[in-house]
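S.K.: File entry_35.txt follows (compact mmCIF, C-alpha atoms):
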# COMPACT_ATOMS: atom_id res chain seq x y z
CA MET A 13 -2.78 2.64 -60.78
CA LYS A 14 -0.15 0.67 -58.89
CA CYS A 15 1.68 -2.13 -60.61
CA GLU A 16 4.16 -3.89 -58.37
CA ALA A 17 3.78 -6.89 -60.72
CA CYS A 18 5.26 -4.80 -63.55
CA ALA A 19 8.80 -5.68 -62.45
CA PHE A 20 10.86 -7.49 -65.06
CA GLU A 21 14.44 -8.12 -66.12
CA THR A 22 16.30 -8.38 -69.38
CA GLU A 23 19.86 -9.45 -70.02
CA ARG A 24 20.96 -5.80 -69.58
CA LEU A 25 18.27 -4.16 -67.45
CA LEU A 26 16.39 -4.44 -64.17
CA VAL A 27 12.99 -2.74 -64.09
CA ARG A 28 11.12 -2.20 -60.81
CA GLU A 29 8.36 0.02 -59.40
CA TRP A 30 10.44 2.95 -58.16
CA HIS A 31 9.34 2.65 -54.52
CA SER A 32 10.17 -1.06 -54.47
CA PRO A 33 12.92 -1.84 -51.94
CA SER A 34 14.94 -3.63 -54.62
CA ALA A 35 14.65 -0.73 -57.09
CA LEU A 36 17.07 1.42 -55.13
CA ASP A 37 19.65 -1.20 -54.43
CA LEU A 38 21.97 1.22 -56.18
CA PRO A 39 25.28 2.88 -55.38
CA GLN A 40 23.42 6.22 -55.55
CA ARG A 41 21.38 8.42 -53.23
CA ASP A 42 17.71 8.08 -52.43
CA LEU A 43 15.05 8.15 -55.15
CA ALA A 44 14.80 11.96 -55.19
CA GLY A 45 18.55 12.20 -55.75
CA VAL A 46 18.39 9.65 -58.54
CA VAL A 47 15.56 11.57 -60.24
CA ALA A 48 17.27 14.94 -59.78
CA ASP A 49 20.43 13.54 -61.40
CA MET A 50 18.46 12.03 -64.26
CA LEU A 51 16.37 15.10 -65.17
CA THR A 52 19.16 17.20 -66.61
CA GLU A 53 18.49 20.16 -68.90
CA VAL A 54 19.22 18.03 -71.98
CA VAL A 55 16.84 15.24 -70.87
CA ALA A 56 14.05 17.63 -69.87
CA ARG A 57 14.27 19.68 -73.09
CA SER A 58 11.69 17.53 -74.91
CA LEU A 59 9.43 17.05 -71.88
CA PRO A 60 6.44 19.17 -70.82
CA PRO A 61 7.36 22.73 -69.74
CA SER A 62 6.58 22.01 -66.08
CA TRP A 63 9.32 19.34 -66.10
CA GLN A 64 12.05 21.76 -67.17
CA ASP A 65 14.24 24.38 -65.45
CA GLY A 66 16.46 22.07 -63.43
CA PHE A 67 15.71 19.69 -60.61
CA SER A 68 16.94 20.06 -57.07
CA VAL A 69 16.41 17.09 -54.76
CA GLU A 70 13.44 18.93 -53.17
CA ARG A 71 11.85 19.62 -56.57
CA ALA A 72 12.44 15.97 -57.51
CA ARG A 73 10.55 14.90 -54.35
CA ARG A 74 7.53 16.96 -55.44
CA TRP A 75 7.81 15.61 -59.00
CA ILE A 76 7.85 12.05 -57.63
CA GLU A 77 4.65 12.75 -55.65
CA GLU A 78 3.00 14.12 -58.81
CA ARG A 79 3.98 11.03 -60.82
CA ASP A 80 2.68 8.79 -58.02
CA ASP A 81 -0.69 10.56 -58.31
CA ASP A 82 -0.68 9.98 -62.10
CA GLY A 83 0.09 6.27 -62.15
CA THR A 84 3.01 3.89 -61.79
CA THR A 85 6.62 4.77 -62.45
CA LEU A 86 9.23 2.11 -63.05
CA LEU A 87 12.94 2.69 -62.50
CA VAL A 88 15.18 1.19 -65.18
CA VAL A 89 18.62 0.16 -63.93
CA ASP A 90 21.64 -1.12 -65.83
CA ARG A 91 22.24 -4.61 -64.46
CA SER A 92 26.06 -4.48 -64.69
CA THR A 93 26.72 -0.95 -63.38
CA ARG A 94 23.68 -0.66 -61.07
CA GLN A 95 23.14 2.87 -62.42
CA ALA A 96 19.65 4.23 -63.08
CA VAL A 97 19.34 4.71 -66.83
CA GLY A 98 15.70 5.68 -67.25
CA LEU A 99 12.10 5.79 -66.14
CA MET A 100 8.95 4.22 -67.56
CA ILE A 101 5.72 5.98 -66.58
CA LEU A 102 2.45 4.05 -66.87
CA PHE A 103 -0.82 5.93 -66.49
CA GLU A 104 -4.45 5.14 -67.09
CA MET A 105 -6.69 7.17 -69.34
CA ASP A 106 -10.42 6.76 -69.71
CA ALA A 107 -11.06 5.23 -73.08
CA GLU A 108 -14.63 6.23 -73.83
CA ALA A 109 -14.12 5.43 -77.48
CA ALA A 110 -12.73 1.99 -76.61
CA ALA A 111 -16.04 0.49 -75.47
CA GLY A 112 -15.83 2.03 -72.01
CA GLY A 113 -12.51 0.37 -71.23
CA THR A 114 -9.32 1.79 -69.86
CA GLU A 115 -6.19 2.64 -71.81
CA VAL A 116 -2.74 2.46 -70.26
CA ARG A 117 -0.31 4.95 -71.73
CA LEU A 118 3.45 4.63 -71.53
CA GLY A 119 5.84 7.52 -71.15
CA TYR A 120 9.56 7.13 -70.78
CA LEU A 121 12.77 9.03 -70.44
CA LEU A 122 16.40 8.04 -70.64
CA ALA A 123 19.16 9.47 -68.49
CA GLU A 124 21.58 11.56 -70.53
CA PRO A 125 24.49 9.03 -70.42
CA ALA A 126 22.15 6.22 -71.52
CA ALA A 127 20.80 8.19 -74.47
CA ALA A 128 24.23 8.91 -75.92
Represent the supplied structure as structure tokens.
M.R.:
Amino acid sequence: MKCEACAFETERLLVREWHSPSALDLPQRDLAGVVADMLTEVVARSLPPSWQDGFSVERARRWIEERDDDGTTLLVVDRSTRQAVGLMILFEMDAEAAAGGTEVRLGYLLAEPAAA
């Protein structure tokens, strides 16, 4: 599931598909660096076990590829500071019980400074 049309803005936030050229118009490193910085031990504590144990930039690259296979990930950026403050992960699930339709599930995480 790709959702380039999922981009939106609020008064405080910019939300873009994380591979979008405008998503990384940030004073930070590339996407893998942004993800590695965001997935601290405190942030990952409540996530699935495979998402824990620290993230190097190389591990973040693999994690990004895995999320791309699962669905669409949106990068959430603070409009005033241009700092990445979170991720929204959209993924489809077969909804057999929902008349053969498709469900879209939403996962999210907040960077440690944004959650404080």
S.K.: Would you pick out the contacts of Gln64 of chain A at 9 Å or less, using all atoms listed in the file, so that residues sharing its chain but fewer than 4 positions from it are not included, and give the list as a list in words?
M.R.: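 Contacts, with the query itself left out: Leu51, Thr52, Glu53, Val55, Ala56, Arg57, Ser58, Leu59 and Pro60 of chain A.
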S.K.: Taking (9.0, 11.0, -57.5) as a centre in this file's frame and 10 Å as the limit, can you find every polymer residue with an atom that close, using all atoms listed in the file, and give them as a CSV table (one decimal) with C-alpha atoms, in the frame of the given file?
M.R.:
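The result, stored in selection.csv:
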chain,number,residue,atom,x,y,z
A,30,TRP,CA,10.4,3.0,-58.2
A,31,HIS,CA,9.3,2.6,-54.5
A,43,LEU,CA,15.0,8.2,-55.2
A,44,ALA,CA,14.8,12.0,-55.2
A,45,GLY,CA,18.6,12.2,-55.8
A,46,VAL,CA,18.4,9.6,-58.5
A,47,VAL,CA,15.6,11.6,-60.2
A,48,ALA,CA,17.3,14.9,-59.8
A,69,VAL,CA,16.4,17.1,-54.8
A,71,ARG,CA,11.8,19.6,-56.6
A,72,ALA,CA,12.4,16.0,-57.5
A,73,ARG,CA,10.6,14.9,-54.4
A,74,ARG,CA,7.5,17.0,-55.4
A,75,TRP,CA,7.8,15.6,-59.0
A,76,ILE,CA,7.8,12.0,-57.6
A,77,GLU,CA,4.6,12.8,-55.6
A,78,GLU,CA,3.0,14.1,-58.8
A,79,ARG,CA,4.0,11.0,-60.8
A,80,ASP,CA,2.7,8.8,-58.0
A,81,ASP,CA,-0.7,10.6,-58.3
A,85,THR,CA,6.6,4.8,-62.4
S.K.: In Å to one decimal, how far is atom CA of Leu87 of chain A from atom CA of Asp65 of chain A?
M.R.: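 Computed distance, atom CA of Asp65 of chain A to atom CA of Leu87 of chain A, equals 21.9 Å.
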S.K.: Counting all atoms listed in the file, which residue out of A:Val88, A:Val54, A:Tyr120, A:Asp82 sits closest to Phe103 of chain A?
M.R.: A:Asp82
S.K.: Work out how far apart atom CA of Glu23 of chain A and atom CA of Glu104 of chain A are and give it in Å to one decimal.
M.R.: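 Atom-to-atom, atom CA of Glu23 of chain A to atom CA of Glu104 of chain A, that is 28.5 Å.
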S.K.: What separation in Å, quoted to one decimal, exists between atom CA of Glu70 of chain A and atom CA of Leu99 of chain A?
M.R.: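 Separating atom CA of Glu70 of chain A from atom CA of Leu99 of chain A is a distance of 18.5 Å.
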S.K.: In terms of the shortest atom-to-atom distance over only C-alpha atoms, which of A:Thr84, A:Arg91, A:Ala96, A:Arg24 is closest to Asp42 of chain A?
M.R.: A:Ala96
S.K.: Excluding Phe20 of chain A and its own-chain neighbours fewer than 4 positions away, which residues fall within 10 Å of it when counting only C-alpha atoms? Please give them as an mmCIF file with C-alpha atoms, in the frame of the given file.
M.R.:
data_model
loop_
_atom_site.group_PDB
_atom_site.id
_atom_site.type_symbol
_atom_site.label_atom_id
_atom_site.label_comp_id
_atom_site.auth_asym_id
_atom_site.auth_seq_id
_atom_site.Cartn_x
_atom_site.Cartn_y
_atom_site.Cartn_z
ATOM 1 C CA LEU A 25 18.270 -4.160 -67.450
ATOM 2 C CA LEU A 26 16.390 -4.440 -64.170
ATOM 3 C CA VAL A 27 12.990 -2.740 -64.090
ATOM 4 C CA ARG A 28 11.120 -2.200 -60.810
ATOM 5 C CA GLU A 29 8.360 0.020 -59.400
ATOM 6 C CA LEU A 86 9.230 2.110 -63.050
ATOM 7 C CA VAL A 88 15.180 1.190 -65.180
#
S.K.: For segment 63-100 of chain A of the structure just presented, write N, CA, C and O atoms to a file, as a CSV table (one decimal), in the first residue's frame.
M.R.:
chain,number,residue,atom,x,y,z
A,63,TRP,N,11.9,-4.8,17.3
A,63,TRP,CA,12.2,-3.4,17.1
A,63,TRP,C,13.0,-2.9,18.3
A,63,TRP,O,13.2,-1.7,18.4
A,64,GLN,N,13.5,-3.7,19.1
A,64,GLN,CA,14.3,-3.2,20.3
A,64,GLN,C,15.8,-3.5,20.1
A,64,GLN,O,16.2,-3.9,19.1
A,65,ASP,N,16.5,-3.2,21.1
A,65,ASP,CA,18.0,-3.5,21.2
A,65,ASP,C,18.8,-2.5,20.4
A,65,ASP,O,19.9,-2.8,20.0
A,66,GLY,N,18.4,-1.3,20.3
A,66,GLY,CA,19.2,-0.2,19.7
A,66,GLY,C,19.2,-0.3,18.1
A,66,GLY,O,19.1,-1.3,17.5
A,67,PHE,N,19.3,0.9,17.6
A,67,PHE,CA,19.3,1.0,16.1
A,67,PHE,C,20.5,1.8,15.6
A,67,PHE,O,20.6,3.0,15.9
A,68,SER,N,21.4,1.1,14.9
A,68,SER,CA,22.4,1.7,14.1
A,68,SER,C,21.8,2.3,12.9
A,68,SER,O,20.6,1.9,12.5
A,69,VAL,N,22.5,3.0,12.1
A,69,VAL,CA,22.0,3.5,10.8
A,69,VAL,C,21.7,2.3,9.9
A,69,VAL,O,20.7,2.3,9.2
A,70,GLU,N,22.6,1.4,9.9
A,70,GLU,CA,22.5,0.2,9.0
A,70,GLU,C,21.2,-0.6,9.4
A,70,GLU,O,20.5,-1.0,8.6
A,71,ARG,N,21.0,-0.8,10.7
A,71,ARG,CA,19.8,-1.5,11.2
A,71,ARG,C,18.6,-0.7,10.8
A,71,ARG,O,17.5,-1.3,10.4
A,72,ALA,N,18.6,0.6,10.9
A,72,ALA,CA,17.5,1.4,10.6
A,72,ALA,C,17.2,1.3,9.1
A,72,ALA,O,16.0,1.3,8.7
A,73,ARG,N,18.2,1.2,8.2
A,73,ARG,CA,17.9,1.0,6.8
A,73,ARG,C,17.1,-0.3,6.6
A,73,ARG,O,16.2,-0.3,5.8
A,74,ARG,N,17.5,-1.4,7.2
A,74,ARG,CA,16.8,-2.7,7.1
A,74,ARG,C,15.4,-2.5,7.6
A,74,ARG,O,14.4,-3.0,7.1
A,75,TRP,N,15.2,-1.8,8.7
A,75,TRP,CA,13.9,-1.6,9.3
A,75,TRP,C,13.0,-0.8,8.4
A,75,TRP,O,11.8,-1.1,8.3
A,76,ILE,N,13.6,0.2,7.7
A,76,ILE,CA,12.8,1.0,6.8
A,76,ILE,C,12.3,0.1,5.6
A,76,ILE,O,11.2,0.1,5.2
A,77,GLU,N,13.2,-0.8,5.1
A,77,GLU,CA,12.8,-1.7,4.0
A,77,GLU,C,11.7,-2.6,4.5
A,77,GLU,O,10.7,-2.9,3.7
A,78,GLU,N,11.7,-3.1,5.7
A,78,GLU,CA,10.7,-4.0,6.3
A,78,GLU,C,9.4,-3.2,6.4
A,78,GLU,O,8.3,-3.7,6.0
A,79,ARG,N,9.4,-2.0,6.8
A,79,ARG,CA,8.2,-1.2,6.9
A,79,ARG,C,7.6,-0.9,5.5
A,79,ARG,O,6.4,-0.9,5.3
A,80,ASP,N,8.5,-0.6,4.5
A,80,ASP,CA,8.1,-0.4,3.2
A,80,ASP,C,7.3,-1.6,2.6
A,80,ASP,O,6.4,-1.5,1.9
A,81,ASP,N,7.8,-2.8,3.0
A,81,ASP,CA,7.1,-4.0,2.6
A,81,ASP,C,5.7,-4.2,3.3
A,81,ASP,O,4.8,-4.8,2.7
A,82,ASP,N,5.6,-3.6,4.5
A,82,ASP,CA,4.3,-3.7,5.2
A,82,ASP,C,3.2,-2.8,4.8
A,82,ASP,O,2.1,-3.1,4.9
A,83,GLY,N,3.6,-1.6,4.3
A,83,GLY,CA,2.6,-0.6,4.0
A,83,GLY,C,3.3,0.8,3.7
A,83,GLY,O,4.3,0.9,3.1
A,84,THR,N,2.6,1.8,4.2
A,84,THR,CA,3.1,3.2,4.1
A,84,THR,C,3.5,3.8,5.4
A,84,THR,O,2.7,3.6,6.4
A,85,THR,N,4.6,4.4,5.4
A,85,THR,CA,5.0,5.1,6.7
A,85,THR,C,5.1,6.6,6.4
A,85,THR,O,5.7,7.0,5.4
A,86,LEU,N,4.6,7.3,7.3
A,86,LEU,CA,4.6,8.8,7.2
A,86,LEU,C,5.5,9.4,8.2
A,86,LEU,O,5.5,8.9,9.4
A,87,LEU,N,6.3,10.3,7.9
A,87,LEU,CA,7.2,11.0,8.8
A,87,LEU,C,6.5,12.3,9.3
A,87,LEU,O,5.9,13.0,8.5
A,88,VAL,N,6.5,12.4,10.6
A,88,VAL,CA,5.8,13.6,11.2
A,88,VAL,C,6.9,14.5,11.7
A,88,VAL,O,7.8,14.2,12.4
A,89,VAL,N,6.8,15.8,11.2
A,89,VAL,CA,7.8,16.8,11.4
A,89,VAL,C,7.2,18.0,12.1
A,89,VAL,O,6.2,18.5,11.7
A,90,ASP,N,7.9,18.5,13.1
A,90,ASP,CA,7.5,19.8,13.8
A,90,ASP,C,7.7,20.9,12.8
A,90,ASP,O,8.8,21.1,12.3
A,91,ARG,N,6.7,21.6,12.5
A,91,ARG,CA,6.8,22.7,11.5
A,91,ARG,C,7.8,23.8,11.9
A,91,ARG,O,8.5,24.3,11.0
A,92,SER,N,7.8,24.2,13.1
A,92,SER,CA,8.7,25.3,13.5
A,92,SER,C,10.2,24.9,13.6
A,92,SER,O,11.0,25.7,13.3
A,93,THR,N,10.4,23.7,14.1
A,93,THR,CA,11.8,23.3,14.4
A,93,THR,C,12.4,22.5,13.2
A,93,THR,O,13.6,22.2,13.2
A,94,ARG,N,11.5,21.9,12.4
A,94,ARG,CA,11.9,21.0,11.3
A,94,ARG,C,12.5,19.7,11.8
A,94,ARG,O,13.3,19.1,11.1
A,95,GLN,N,12.2,19.3,13.0
A,95,GLN,CA,12.7,18.1,13.6
A,95,GLN,C,11.6,17.0,13.5
A,95,GLN,O,10.5,17.3,13.7
A,96,ALA,N,12.1,15.8,13.1
A,96,ALA,CA,11.2,14.7,13.1
A,96,ALA,C,10.7,14.3,14.5
A,96,ALA,O,11.5,14.2,15.4
A,97,VAL,N,9.4,14.2,14.7
A,97,VAL,CA,8.9,14.0,16.0
A,97,VAL,C,8.1,12.7,16.1
A,97,VAL,O,7.7,12.3,17.2
A,98,GLY,N,7.9,12.0,15.0
A,98,GLY,CA,7.2,10.7,15.0
A,98,GLY,C,7.0,10.1,13.7
A,98,GLY,O,7.4,10.6,12.6
A,99,LEU,N,6.4,8.9,13.7
A,99,LEU,CA,6.1,8.1,12.5
A,99,LEU,C,4.7,7.6,12.6
A,99,LEU,O,4.2,7.3,13.7
A,100,MET,N,4.0,7.6,11.5
A,100,MET,CA,2.7,7.0,11.4
A,100,MET,C,2.8,5.8,10.4
A,100,MET,O,3.3,6.1,9.3
